[in-house]
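Heads up, target-v1.txt below (compact mmCIF, C-alpha atoms):
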```txt
# COMPACT_ATOMS: atom_id res chain seq x y z
CA MET Q 595 144.25 -14.70 221.35
CA ASP Q 596 146.49 -17.04 219.41
CA ASP Q 597 144.96 -18.79 216.43
CA VAL Q 598 147.43 -21.65 216.66
CA ARG Q 599 145.76 -24.86 217.76
CA GLN Q 600 147.14 -26.09 221.08
CA VAL Q 601 146.52 -29.75 220.19
CA ARG Q 602 149.35 -29.90 217.63
CA LYS Q 603 152.25 -32.14 218.53
CA ASP Q 604 155.57 -30.46 219.36
CA THR Q 605 157.03 -31.97 216.19
CA GLU Q 606 154.21 -30.90 213.86
CA GLY Q 607 154.33 -27.58 212.11
CA TYR Q 608 151.88 -26.11 209.66
CA CYS Q 609 152.09 -26.82 205.95
CA ILE Q 610 151.64 -23.93 203.53
CA GLU Q 611 148.18 -25.27 202.68
CA ASP Q 612 147.10 -24.89 206.34
CA LEU Q 613 148.09 -21.24 206.73
CA SER Q 614 145.98 -18.14 206.19
CA VAL Q 615 146.62 -14.42 206.38
CA GLY Q 616 145.85 -13.12 209.86
CA MET Q 617 146.86 -16.26 211.77
CA THR Q 618 148.82 -15.30 214.87
CA ALA Q 619 150.82 -16.92 217.65
CA SER Q 620 152.89 -15.68 220.59
CA PHE Q 621 155.63 -16.71 222.99
CA ALA Q 622 156.36 -14.97 226.31
CA LYS Q 623 159.35 -15.15 228.63
CA THR Q 624 160.59 -13.16 231.59
CA VAL Q 625 164.22 -12.18 231.01
CA THR Q 626 166.50 -13.06 233.93
CA GLU Q 627 169.99 -11.95 234.96
CA ALA Q 628 171.13 -15.47 234.11
CA ASP Q 629 169.67 -15.17 230.58
CA ILE Q 630 171.69 -12.00 229.96
CA VAL Q 631 174.95 -13.41 231.34
CA LEU Q 632 174.53 -16.72 229.50
CA PHE Q 633 173.71 -14.92 226.25
CA ALA Q 634 176.85 -12.79 226.64
CA GLY Q 635 178.87 -15.97 227.08
CA ILE Q 636 177.36 -17.94 224.21
CA SER Q 637 177.33 -15.02 221.75
CA GLY Q 638 180.63 -13.43 222.77
CA ASP Q 639 178.86 -10.05 223.06
CA THR Q 640 180.35 -8.83 226.32
CA ASN Q 641 179.49 -5.17 225.74
CA PRO Q 642 179.56 -3.72 229.28
CA VAL Q 643 176.11 -2.15 228.84
CA HIS Q 644 174.82 -5.71 229.26
CA ILE Q 645 177.03 -7.07 232.03
CA ASN Q 646 178.59 -4.20 234.00
CA GLN Q 647 176.14 -2.20 236.12
CA GLU Q 648 178.68 0.50 237.01
CA TYR Q 649 179.44 1.17 233.36
CA ALA Q 650 175.81 0.81 232.23
CA ALA Q 651 174.70 3.39 234.82
CA THR Q 652 176.73 6.01 232.90
CA THR Q 653 174.96 5.33 229.60
CA MET Q 654 171.73 6.70 228.17
CA PHE Q 655 170.03 3.56 229.53
CA GLN Q 656 171.08 4.36 233.14
CA GLY Q 657 171.51 0.66 233.86
CA ARG Q 658 172.07 -2.74 232.32
CA ILE Q 659 169.97 -3.85 229.38
CA ALA Q 660 169.44 -7.20 227.70
CA HIS Q 661 171.03 -7.85 224.33
CA GLY Q 662 168.74 -6.91 221.47
CA MET Q 663 169.45 -10.25 219.83
CA LEU Q 664 168.39 -12.08 222.99
CA THR Q 665 164.99 -10.44 222.60
CA VAL Q 666 164.95 -11.34 218.89
CA GLY Q 667 165.52 -14.96 219.88
CA PHE Q 668 161.96 -14.98 221.22
CA ILE Q 669 160.74 -14.29 217.67
CA SER Q 670 162.65 -17.36 216.53
CA ALA Q 671 160.97 -19.32 219.32
CA VAL Q 672 157.43 -18.45 218.21
CA LEU Q 673 158.21 -19.06 214.53
CA GLY Q 674 160.06 -22.32 215.07
CA THR Q 675 157.69 -23.85 217.61
CA LYS Q 676 154.23 -22.39 216.92
CA LEU Q 677 153.67 -20.54 213.64
CA PRO Q 678 154.51 -21.98 211.19
CA GLY Q 679 156.34 -24.26 213.61
CA PRO Q 680 158.66 -27.23 213.14
CA GLY Q 681 159.76 -27.74 209.56
CA CYS Q 682 159.84 -24.07 208.59
CA ILE Q 683 163.06 -22.43 207.40
CA TYR Q 684 163.82 -18.88 208.53
CA MET Q 685 164.99 -17.06 205.37
CA SER Q 686 165.22 -13.40 206.37
CA GLN Q 687 164.21 -10.91 209.05
CA THR Q 688 164.11 -7.12 209.22
CA LEU Q 689 164.35 -5.56 212.67
CA LYS Q 690 163.84 -2.21 214.37
CA PHE Q 691 164.90 -1.92 218.00
CA LYS Q 692 162.51 0.53 219.65
CA ALA Q 693 163.14 0.32 223.41
CA PRO Q 694 165.44 -1.49 225.85
CA VAL Q 695 164.64 -4.71 227.68
CA ARG Q 696 165.89 -5.23 231.24
CA ALA Q 697 166.19 -8.18 233.58
CA GLY Q 698 162.77 -8.82 235.08
CA ASP Q 699 160.87 -7.68 231.98
CA THR Q 700 158.43 -10.14 230.42
CA VAL Q 701 158.80 -10.06 226.65
CA THR Q 702 155.96 -11.26 224.44
CA ALA Q 703 156.92 -12.10 220.86
CA ARG Q 704 153.95 -12.13 218.48
CA ALA Q 705 153.92 -13.38 214.90
CA THR Q 706 151.12 -12.57 212.45
CA ILE Q 707 150.94 -13.88 208.89
CA THR Q 708 150.58 -10.96 206.47
CA GLU Q 709 151.19 -12.63 203.11
CA LEU Q 710 151.27 -16.12 201.62
CA ILE Q 711 153.19 -17.08 198.47
CA PRO Q 712 152.02 -20.69 198.07
CA GLU Q 713 153.74 -21.36 194.73
CA LYS Q 714 157.10 -20.71 196.43
CA ARG Q 715 156.06 -22.20 199.81
CA ARG Q 716 156.76 -18.87 201.50
CA CYS Q 717 154.99 -16.77 204.09
CA VAL Q 718 155.63 -13.23 205.27
CA ILE Q 719 155.13 -12.65 208.97
CA LYS Q 720 154.90 -9.41 210.95
CA THR Q 721 156.98 -9.83 214.11
CA VAL Q 722 156.58 -7.69 217.22
CA CYS Q 723 158.09 -7.98 220.70
CA THR Q 724 156.47 -6.07 223.54
CA VAL Q 725 157.04 -5.46 227.22
CA GLY Q 726 153.61 -4.60 228.55
CA GLU Q 727 152.20 -2.12 226.02
CA THR Q 728 155.65 -0.96 224.85
CA VAL Q 729 156.95 -2.22 221.51
CA VAL Q 730 160.62 -3.10 221.99
CA VAL Q 731 161.36 -4.78 218.63
CA GLU Q 732 159.41 -4.95 215.39
CA GLY Q 733 160.08 -6.33 211.95
CA GLU Q 734 159.11 -8.71 209.20
CA ALA Q 735 160.19 -12.30 208.58
CA LEU Q 736 160.20 -14.43 205.45
CA LEU Q 737 159.89 -18.17 205.96
CA MET Q 738 159.85 -21.26 203.78
CA VAL Q 739 157.12 -23.65 204.86
CA PRO Q 740 156.70 -27.36 204.08
CA SER Q 741 154.02 -28.47 201.66
CA ARG Q 742 151.88 -31.59 201.81
CA GLY Q 743 152.31 -31.99 198.04
```

Any chance you could give the structure as structure tokens?
Amino acid sequence: MDDVRQVRKDTEGYCIEDLSVGMTASFAKTVTEADIVLFAGISGDTNPVHINQEYAATTMFQGRIAHGMLTVGFISAVLGTKLPGPGCIYMSQTLKFKAPVRAGDTVTARATITELIPEKRRCVIKTVCTVGETVVVEGEALLMVPSRG
């Protein structure tokens, strides 16, 4: 269950003083064919494993897969809209791609605060994307968070 209060306004993020280790939030989205094609267009990543079924069928994936960075975008969504939310600045992110995502898969991105550095207005967040019980991406993010002071 997400710790993030649902009553917050869309424009209100957390301040560093409001955060605590263990707080968590998530964002889920079902990836569509349109998402993959549009991401290829906007990013310029037209690798045929993403957009050409005939080619993709000959790869180790045996079919088309979503871009890894499309999946990572769901991490950005949870960080930028829920925890810490609006006002935070994404400073760095480590990533490990563990399994492919395909059109029709529902990806859940979960963010969990693991460390607070209040004097620098920073928080470290464990980031995990899953499809069902399968971890597809995992990593760690560093964010700068506003302060009330």

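Here CA of Thr724 in chain Q stands at a distance of 15.9 Å from CA of Leu673 in chain Q.
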
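Among the candidates Q:Ile683, Q:Val695, Q:Val722, Q:Leu689, the residue lying nearest to Leu664 in chain Q is Q:Val695 (atoms considered: only C-alpha atoms).
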
Worksheet, complete the sentence: Expressed in Å, the length from CA of Arg704 in chain Q to CA of Glu627 in chain Q is 23.0 Å

Discussion item. What's around Lys692 in chain Q at 8 Å? Count only C-alpha atoms, leave out sequence neighbours fewer than 2 positions away in its own chain, and write the answer as a VMD selection string.
Written reply: chain Q and resid 690 694 729 to 732

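Minimum distance to Ser686 in chain Q across Q:Met738, Q:Ala622, Q:Leu632, Q:Ile610 (counting only C-alpha atoms) occurs at Q:Met738.
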
Fill in: Residues within 12 Å of (157.8, -16.3, 213.6), counting only C-alpha atoms, listed as an MDAnalysis selection string
chainID Q and resid 607 617:621 666:680 682:688 703:708 717:723 732:739

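Proximity of Q:Ala693, Q:Cys609, Q:Ile630, Q:Ala660 to Glu727 in chain Q, computed with all atoms listed in the file, is greatest for Q:Ala693.
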
Return range 641-674 of chain Q, completed with N, CA and C atoms, as a compact mmCIF listing (two decimals), in the frame of the given file.
```txt
# COMPACT_ATOMS: atom_id res chain seq x y z
N ASN Q 641 179.63 -6.62 225.62
CA ASN Q 641 179.49 -5.17 225.74
C ASN Q 641 179.11 -4.87 227.19
N PRO Q 642 179.84 -3.97 227.86
CA PRO Q 642 179.56 -3.72 229.28
C PRO Q 642 178.17 -3.16 229.58
N VAL Q 643 177.47 -2.63 228.59
CA VAL Q 643 176.11 -2.15 228.84
C VAL Q 643 175.19 -3.31 229.24
N HIS Q 644 175.61 -4.53 228.91
CA HIS Q 644 174.82 -5.71 229.26
C HIS Q 644 175.25 -6.37 230.57
N ILE Q 645 176.52 -6.26 230.91
CA ILE Q 645 177.03 -7.07 232.03
C ILE Q 645 177.72 -6.29 233.15
N ASN Q 646 177.89 -4.99 232.99
CA ASN Q 646 178.59 -4.20 234.00
C ASN Q 646 177.69 -3.05 234.44
N GLN Q 647 177.10 -3.19 235.62
CA GLN Q 647 176.14 -2.20 236.12
C GLN Q 647 176.79 -0.82 236.28
N GLU Q 648 178.01 -0.78 236.79
CA GLU Q 648 178.68 0.50 237.01
C GLU Q 648 178.84 1.25 235.69
N TYR Q 649 179.31 0.55 234.68
CA TYR Q 649 179.44 1.17 233.36
C TYR Q 649 178.07 1.54 232.80
N ALA Q 650 177.13 0.60 232.84
CA ALA Q 650 175.81 0.81 232.23
C ALA Q 650 175.08 2.00 232.86
N ALA Q 651 175.34 2.26 234.13
CA ALA Q 651 174.70 3.39 234.82
C ALA Q 651 175.10 4.73 234.20
N THR Q 652 176.25 4.77 233.51
CA THR Q 652 176.73 6.01 232.90
C THR Q 652 176.21 6.20 231.47
N THR Q 653 175.46 5.25 230.97
CA THR Q 653 174.96 5.33 229.60
C THR Q 653 173.57 5.95 229.55
N MET Q 654 173.08 6.15 228.34
CA MET Q 654 171.73 6.70 228.17
C MET Q 654 170.65 5.80 228.76
N PHE Q 655 170.99 4.51 228.98
CA PHE Q 655 170.03 3.56 229.53
C PHE Q 655 169.98 3.60 231.05
N GLN Q 656 170.98 4.20 231.68
CA GLN Q 656 171.08 4.36 233.14
C GLN Q 656 170.98 3.03 233.87
N GLY Q 657 171.50 1.99 233.26
CA GLY Q 657 171.51 0.66 233.86
C GLY Q 657 171.67 -0.40 232.79
N ARG Q 658 171.86 -1.62 233.24
CA ARG Q 658 172.07 -2.74 232.32
C ARG Q 658 170.83 -3.03 231.50
N ILE Q 659 171.06 -3.44 230.26
CA ILE Q 659 169.97 -3.85 229.38
C ILE Q 659 170.29 -5.22 228.78
N ALA Q 660 169.26 -5.92 228.39
CA ALA Q 660 169.44 -7.20 227.70
C ALA Q 660 169.92 -6.95 226.28
N HIS Q 661 170.60 -7.91 225.72
CA HIS Q 661 171.03 -7.85 224.33
C HIS Q 661 169.79 -7.80 223.43
N GLY Q 662 169.84 -6.96 222.43
CA GLY Q 662 168.74 -6.91 221.47
C GLY Q 662 168.51 -8.26 220.80
N MET Q 663 169.59 -8.96 220.51
CA MET Q 663 169.45 -10.25 219.83
C MET Q 663 168.90 -11.34 220.76
N LEU Q 664 169.04 -11.16 222.06
CA LEU Q 664 168.39 -12.08 222.99
C LEU Q 664 166.87 -11.93 222.84
N THR Q 665 166.41 -10.71 222.79
CA THR Q 665 164.99 -10.44 222.60
C THR Q 665 164.51 -11.01 221.26
N VAL Q 666 165.30 -10.82 220.21
CA VAL Q 666 164.95 -11.34 218.89
C VAL Q 666 164.84 -12.86 218.90
N GLY Q 667 165.60 -13.51 219.77
CA GLY Q 667 165.52 -14.96 219.88
C GLY Q 667 164.11 -15.43 220.22
N PHE Q 668 163.33 -14.60 220.88
CA PHE Q 668 161.96 -14.98 221.22
C PHE Q 668 161.08 -15.02 219.96
N ILE Q 669 161.43 -14.21 218.96
CA ILE Q 669 160.74 -14.29 217.67
C ILE Q 669 161.03 -15.65 217.04
N SER Q 670 162.28 -16.04 217.06
CA SER Q 670 162.65 -17.36 216.53
C SER Q 670 161.89 -18.46 217.24
N ALA Q 671 161.70 -18.31 218.55
CA ALA Q 671 160.97 -19.32 219.32
C ALA Q 671 159.53 -19.46 218.84
N VAL Q 672 158.84 -18.35 218.64
CA VAL Q 672 157.43 -18.45 218.21
C VAL Q 672 157.33 -18.98 216.78
N LEU Q 673 158.25 -18.58 215.91
CA LEU Q 673 158.21 -19.06 214.53
C LEU Q 673 158.56 -20.54 214.44
N GLY Q 674 159.57 -20.94 215.17
CA GLY Q 674 160.06 -22.32 215.07
C GLY Q 674 159.24 -23.34 215.83
```
